[in-house]
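What follows is the content of entry-v6.cif (mmCIF, C-alpha atoms and all ligand atoms).
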```
data_target
loop_
_atom_site.label_atom_id
_atom_site.label_comp_id
_atom_site.auth_asym_id
_atom_site.auth_seq_id
_atom_site.Cartn_x
_atom_site.Cartn_y
_atom_site.Cartn_z
CA MET C 1 107.67 118.58 73.98
CA PRO C 2 106.11 115.16 74.47
CA GLU C 3 102.37 115.20 74.75
CA VAL C 4 101.21 115.02 78.36
CA THR C 5 98.99 111.98 78.73
CA LYS C 6 96.76 110.94 81.56
CA ARG C 7 97.63 108.02 83.77
CA GLY C 8 95.27 105.11 84.13
CA ALA C 9 92.81 105.14 87.01
CA PHE C 10 93.06 102.75 89.94
CA VAL C 11 89.66 101.27 90.79
CA VAL C 12 89.10 98.92 93.74
CA ILE C 13 86.01 96.81 94.40
CA GLU C 14 85.57 95.72 98.01
CA GLY C 15 82.89 93.76 99.78
CA LEU C 16 81.82 90.91 101.96
CA ASP C 17 81.46 87.34 100.82
CA ARG C 18 78.30 86.74 98.72
CA SER C 19 78.19 90.44 97.80
CA GLY C 20 78.55 89.62 94.09
CA LYS C 21 81.99 91.22 94.04
CA SER C 22 83.72 88.84 91.65
CA THR C 23 80.72 88.75 89.26
CA GLN C 24 80.60 92.55 89.23
CA CYS C 25 84.36 92.76 88.60
CA THR C 26 83.92 90.53 85.56
CA LEU C 27 80.97 92.59 84.26
CA LEU C 28 82.88 95.83 84.78
CA LEU C 29 85.93 94.40 83.04
CA GLU C 30 83.79 93.48 80.01
CA GLN C 31 82.12 96.88 79.96
CA LEU C 32 85.47 98.69 80.11
CA ARG C 33 86.92 96.49 77.37
CA SER C 34 83.96 97.07 75.09
CA ALA C 35 84.41 100.82 75.66
CA GLY C 36 87.96 100.36 74.29
CA VAL C 37 89.66 100.94 77.64
CA ASP C 38 93.06 99.37 78.28
CA VAL C 39 92.31 97.56 81.55
CA LYS C 40 93.90 94.93 83.77
CA LEU C 41 91.98 92.97 86.43
CA LEU C 42 93.87 92.03 89.58
CA LYS C 43 92.71 89.98 92.53
CA VAL C 44 94.10 90.13 96.03
CA PRO C 45 94.98 87.89 97.62
CA ASP C 46 96.84 86.64 94.56
CA ARG C 47 97.02 83.00 95.60
CA THR C 48 99.54 82.05 92.88
CA THR C 49 102.70 83.67 94.32
CA THR C 50 104.88 82.00 96.97
CA ILE C 51 103.29 84.15 99.68
CA GLY C 52 99.86 83.66 98.07
CA LYS C 53 100.20 79.89 98.39
CA VAL C 54 100.74 80.23 102.14
CA ILE C 55 97.65 82.48 102.33
CA ASP C 56 95.61 80.01 100.28
CA SER C 57 96.52 77.12 102.55
CA TYR C 58 95.57 79.22 105.60
CA LEU C 59 92.22 80.24 104.08
CA ARG C 60 91.42 76.65 103.21
CA LYS C 61 92.17 75.71 106.84
CA GLU C 62 95.03 73.45 105.81
CA SER C 63 97.40 75.36 108.09
CA GLU C 64 97.31 77.58 111.17
CA LEU C 65 99.03 80.95 111.52
CA ASP C 66 99.15 83.66 114.13
CA ASP C 67 96.63 86.47 113.31
CA ARG C 68 99.40 89.03 113.02
CA ALA C 69 101.55 86.79 110.84
CA ILE C 70 98.71 86.23 108.32
CA HIS C 71 97.88 89.93 108.33
CA LEU C 72 101.47 90.77 107.38
CA LEU C 73 101.44 88.10 104.65
CA PHE C 74 98.25 89.58 103.11
CA SER C 75 99.99 92.96 103.10
CA ALA C 76 103.21 91.50 101.65
CA ASN C 77 101.07 89.91 98.92
CA ARG C 78 99.96 93.46 97.95
CA TRP C 79 103.52 94.81 98.08
CA GLU C 80 104.45 92.07 95.61
CA VAL C 81 102.23 93.75 93.00
CA ALA C 82 102.63 97.40 94.07
CA SER C 83 105.31 98.35 91.57
CA SER C 84 103.53 96.63 88.68
CA ILE C 85 100.28 98.45 89.60
CA GLU C 86 102.18 101.71 89.54
CA SER C 87 103.90 101.10 86.22
CA SER C 88 100.65 99.98 84.57
CA LEU C 89 98.89 103.14 85.80
CA ARG C 90 101.74 105.29 84.46
CA ALA C 91 101.49 103.48 81.12
CA GLY C 92 97.82 104.51 80.94
CA THR C 93 96.26 101.18 81.90
CA LEU C 94 93.21 101.19 84.17
CA ILE C 95 93.72 98.82 87.09
CA LEU C 96 90.63 97.12 88.41
CA CYS C 97 91.36 95.32 91.67
CA ASP C 98 89.10 92.76 93.37
CA ARG C 99 89.80 93.54 97.09
CA TYR C 100 92.74 95.55 98.44
CA ALA C 101 94.16 96.88 101.71
CA PHE C 102 90.68 97.74 103.03
CA SER C 103 89.86 94.02 103.23
CA GLY C 104 93.02 93.52 105.26
CA LEU C 105 91.99 96.27 107.64
CA ALA C 106 88.37 95.12 107.92
CA PHE C 107 88.98 91.37 108.28
CA SER C 108 91.93 91.61 110.68
CA SER C 109 90.38 94.28 112.90
CA ALA C 110 87.17 92.20 112.97
CA GLN C 111 89.32 89.39 114.44
CA GLY C 112 90.28 91.73 117.25
CA LEU C 113 93.64 93.09 116.10
CA PRO C 114 94.16 96.81 116.88
CA TYR C 115 93.00 99.00 114.01
CA THR C 116 96.05 101.26 113.88
CA TRP C 117 98.37 98.25 113.96
CA CYS C 118 96.47 96.77 111.00
CA ARG C 119 96.84 99.95 108.93
CA ALA C 120 100.60 100.25 109.27
CA PRO C 121 102.01 97.62 106.87
CA ASP C 122 99.97 98.94 103.90
CA ALA C 123 101.12 102.55 104.35
CA GLY C 124 102.77 103.71 101.12
CA LEU C 125 100.92 101.38 98.72
CA PRO C 126 99.39 103.06 95.64
CA ALA C 127 96.01 104.49 96.72
CA PRO C 128 92.92 103.81 94.60
CA ASP C 129 91.23 106.74 92.86
CA ILE C 130 87.96 105.18 93.86
CA THR C 131 86.91 102.27 96.06
CA LEU C 132 83.44 100.85 95.56
CA LEU C 133 82.20 98.86 98.55
CA LEU C 134 79.52 96.32 97.68
CA ASP C 135 77.45 96.39 100.84
CA VAL C 136 75.28 93.33 101.32
CA SER C 137 72.92 92.92 104.28
CA PRO C 138 73.08 89.75 106.42
CA GLU C 139 69.55 88.95 105.14
CA ALA C 140 70.54 89.08 101.47
CA GLN C 141 73.75 87.21 102.25
CA ALA C 142 71.69 84.42 103.84
CA LYS C 143 69.21 84.34 100.92
CA ARG C 144 72.04 83.88 98.44
CA GLY C 145 72.75 80.50 99.93
CA GLY C 146 75.44 78.97 102.02
CA PHE C 147 78.90 80.26 102.54
CA GLY C 148 81.77 78.13 101.35
CA ALA C 149 84.03 76.20 103.65
CA GLU C 150 86.83 78.79 103.86
CA ARG C 151 87.95 80.60 106.94
CA TYR C 152 85.96 83.83 107.64
CA GLU C 153 82.89 82.50 105.78
CA GLN C 154 80.51 82.59 108.74
CA THR C 155 77.67 84.93 109.62
CA GLU C 156 78.89 86.32 112.93
CA LEU C 157 82.33 87.25 111.66
CA GLN C 158 80.85 88.73 108.46
CA GLU C 159 78.74 91.06 110.62
CA ARG C 160 81.84 92.28 112.41
CA VAL C 161 83.63 92.70 109.07
CA ARG C 162 80.68 94.74 107.79
CA ALA C 163 80.95 97.05 110.82
CA ALA C 164 84.72 97.30 110.30
CA PHE C 165 84.21 98.29 106.63
CA GLU C 166 81.86 101.01 107.88
CA ARG C 167 84.63 102.38 110.08
CA VAL C 168 87.09 102.27 107.18
CA GLY C 169 84.58 104.19 105.05
CA ASP C 170 84.08 106.82 107.74
CA GLU C 171 87.83 107.37 107.95
CA MET C 172 88.19 107.55 104.16
CA GLY C 173 85.78 110.47 104.35
CA GLY C 174 83.90 112.16 101.53
CA GLY C 175 85.32 113.39 98.25
CA GLY C 176 83.97 110.46 96.24
CA ARG C 177 86.95 108.18 96.83
CA TRP C 178 84.92 105.73 98.92
CA VAL C 179 81.49 104.81 97.62
CA VAL C 180 79.06 102.39 99.28
CA VAL C 181 76.92 100.54 96.73
CA ASP C 182 73.77 98.68 97.78
CA ALA C 183 74.61 95.12 96.76
CA ASP C 184 71.20 93.78 97.85
CA ALA C 185 69.89 95.21 94.56
CA GLU C 186 69.54 93.23 91.32
CA GLN C 187 72.75 92.34 89.51
CA GLU C 188 72.04 94.71 86.59
CA ALA C 189 71.19 97.59 88.91
CA VAL C 190 74.45 97.11 90.80
CA ALA C 191 76.37 96.96 87.51
CA ARG C 192 74.74 100.21 86.33
CA GLU C 193 75.61 101.92 89.61
CA LEU C 194 79.24 100.78 89.38
CA TRP C 195 79.48 101.98 85.80
CA ARG C 196 78.06 105.39 86.76
CA HIS C 197 81.03 105.83 89.10
CA VAL C 198 83.73 104.25 86.94
CA GLU C 199 82.85 105.73 83.53
CA PRO C 200 84.22 109.22 84.40
CA LEU C 201 87.59 107.58 85.18
CA ALA C 202 87.66 105.22 82.20
CA GLN C 203 89.76 107.49 79.97
CA GLY C 204 92.31 108.14 82.71
CA THR C 205 92.92 110.89 85.21
CA ASP C 206 95.16 113.95 85.67
CA GLU C 207 95.22 113.48 89.44
CA PRO C 208 98.62 112.63 90.93
CA LEU C 209 98.84 109.08 92.20
CA ARG C 210 98.36 109.07 95.95
CA ARG C 211 99.57 106.60 98.55
CA LEU C 212 97.85 104.91 101.45
CA TRP C 213 96.94 106.33 103.92
CA ASP C 214 97.13 109.95 102.66
P1 LIG S 301 88.63 86.03 98.44
O1 LIG S 301 87.47 85.16 98.82
O2 LIG S 301 88.23 87.32 97.78
O3 LIG S 301 89.72 85.28 97.71
O4 LIG S 301 89.32 86.49 99.82
N1 LIG S 301 91.23 88.84 103.33
C1 LIG S 301 91.54 89.37 102.13
C2 LIG S 301 91.91 89.21 104.49
O5 LIG S 301 91.62 88.70 105.57
N2 LIG S 301 92.90 90.14 104.40
C3 LIG S 301 93.26 90.72 103.23
O6 LIG S 301 94.17 91.55 103.19
C4 LIG S 301 92.55 90.32 102.03
C5 LIG S 301 92.92 90.92 100.72
C6 LIG S 301 88.88 88.18 102.80
C7 LIG S 301 89.75 85.57 100.73
C8 LIG S 301 89.50 85.98 102.15
O7 LIG S 301 90.63 86.70 102.65
C9 LIG S 301 90.20 87.81 103.40
C10 LIG S 301 88.31 86.87 102.36
MG MG S 302 85.97 84.11 99.39
#
```

Can you dump the structure from the file as structure tokens?
Ligand code: 2DT
Ligand code: MG
Amino acid sequence: MPEVTKRGAFVVIEGLDRSGKSTQCTLLLEQLRSAGVDVKLLKVPDRTTTIGKVIDSYLRKESELDDRAIHLLFSANRWEVASSIESSLRAGTLILCDRYAFSGLAFSSAQGLPYTWCRAPDAGLPAPDITLLLDVSPEAQAKRGGFGAERYEQTELQERVRAAFERVGDEMGGGGRWVVVDADAEQEAVARELWRHVEPLAQGTDEPLRRLWD
């Protein structure tokens, strides 16, 4: 009988702009690697694919698209990597993903698209074992200096996105799969908090892989 091995865990980091999300992903990646964990870092949107290039041009305001059309492209950009996420997890690799379907839900519903409509195209994607939301207050966001020039990088919309993330979190419920982390704290404190949640999953999990939105 072959030895039964654990699959890799699927860890998602979500957050607003200026929440320190990308920095924390890099720190977490380094910490996992130095603990000897086989880990892959993904970023969505992946701006390098054919669909990703259309998304990139839209985000940089070089093109215009209907809100629903861009929402579906963001989702398609996740479906492009869904099977490779799944095979990596089955091979025992931990997948660390910078943003995921929750960003799609939060940003598009904050633009006024119906929430249930926004959920639909991501149904069936591999579900994370844990999602860590880096929650930054508007005050801390402002203190960290100006937003960039991309679409969505403006205070009023970010406040609506923050409220939308709160709704997503409420619907994800308890059970430790959705964790809000205070991202106003010092970088090292945030990193320690993330590690506290990720370390128990670092060596893999026996849990069956779930799908959104189960
Ligand atoms: P980055 O700054 O992290 O590259 O994100 N977004 C992202 C959506 O509107 N829908 C989605 O499905 C995803 C994944 C968040 C670029 C911007 O794109 C937004 C910020
Ligand atoms: Mg950005």

Taking into account all atoms listed in the file, which residue in the set C:Asp170, C:Ile95, C:Gly104, C:Val190 is nearest to Ala82 of chain C?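 Answer, going by the shortest atom-to-atom distance: C:Ile95.
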
Would you kindly identify which residues have an atom no farther than 12 Å from (99.6, 104.4, 107.7), using only C-alpha atoms and the file's own coordinates, and write them out as number ranges by chain? C: 101, 105, 115-125, 127, 211-214

With all atoms listed in the file as the counted atoms, please give the residues lying no more than 12 Å from segment 174-186 of chain C, apart from itself and same-chain residues fewer than 3 positions off, as number ranges by chain. C: 9-21, 23-24, 102, 127-144, 162, 165-171, 189-198, 200-201, 210, 214

Around ligand LIG 301 (chain S), fit a box with edges along x, y and z, padding it by 8 Å on each side, then list its centre and edge lengths in Å to one decimal as lines of an AutoDock Vina configuration file.
```
center_x = 90.8
center_y = 88.4
center_z = 101.6
size_x = 22.7
size_y = 22.4
size_z = 23.9
```

So which residues are near ligand MG 302 (chain S), meaning at most 8 Å away with all atoms listed in the file counted, given back as a VMD selection string? chain C and resid 17 148 150 153

Surrounding residues of Leu59 of chain C excluding itself and chain neighbours under 4 positions, 10 Å, all atoms listed in the file, as a PyMOL selection string: chain C and resi 53-55+63-64+70+149-153
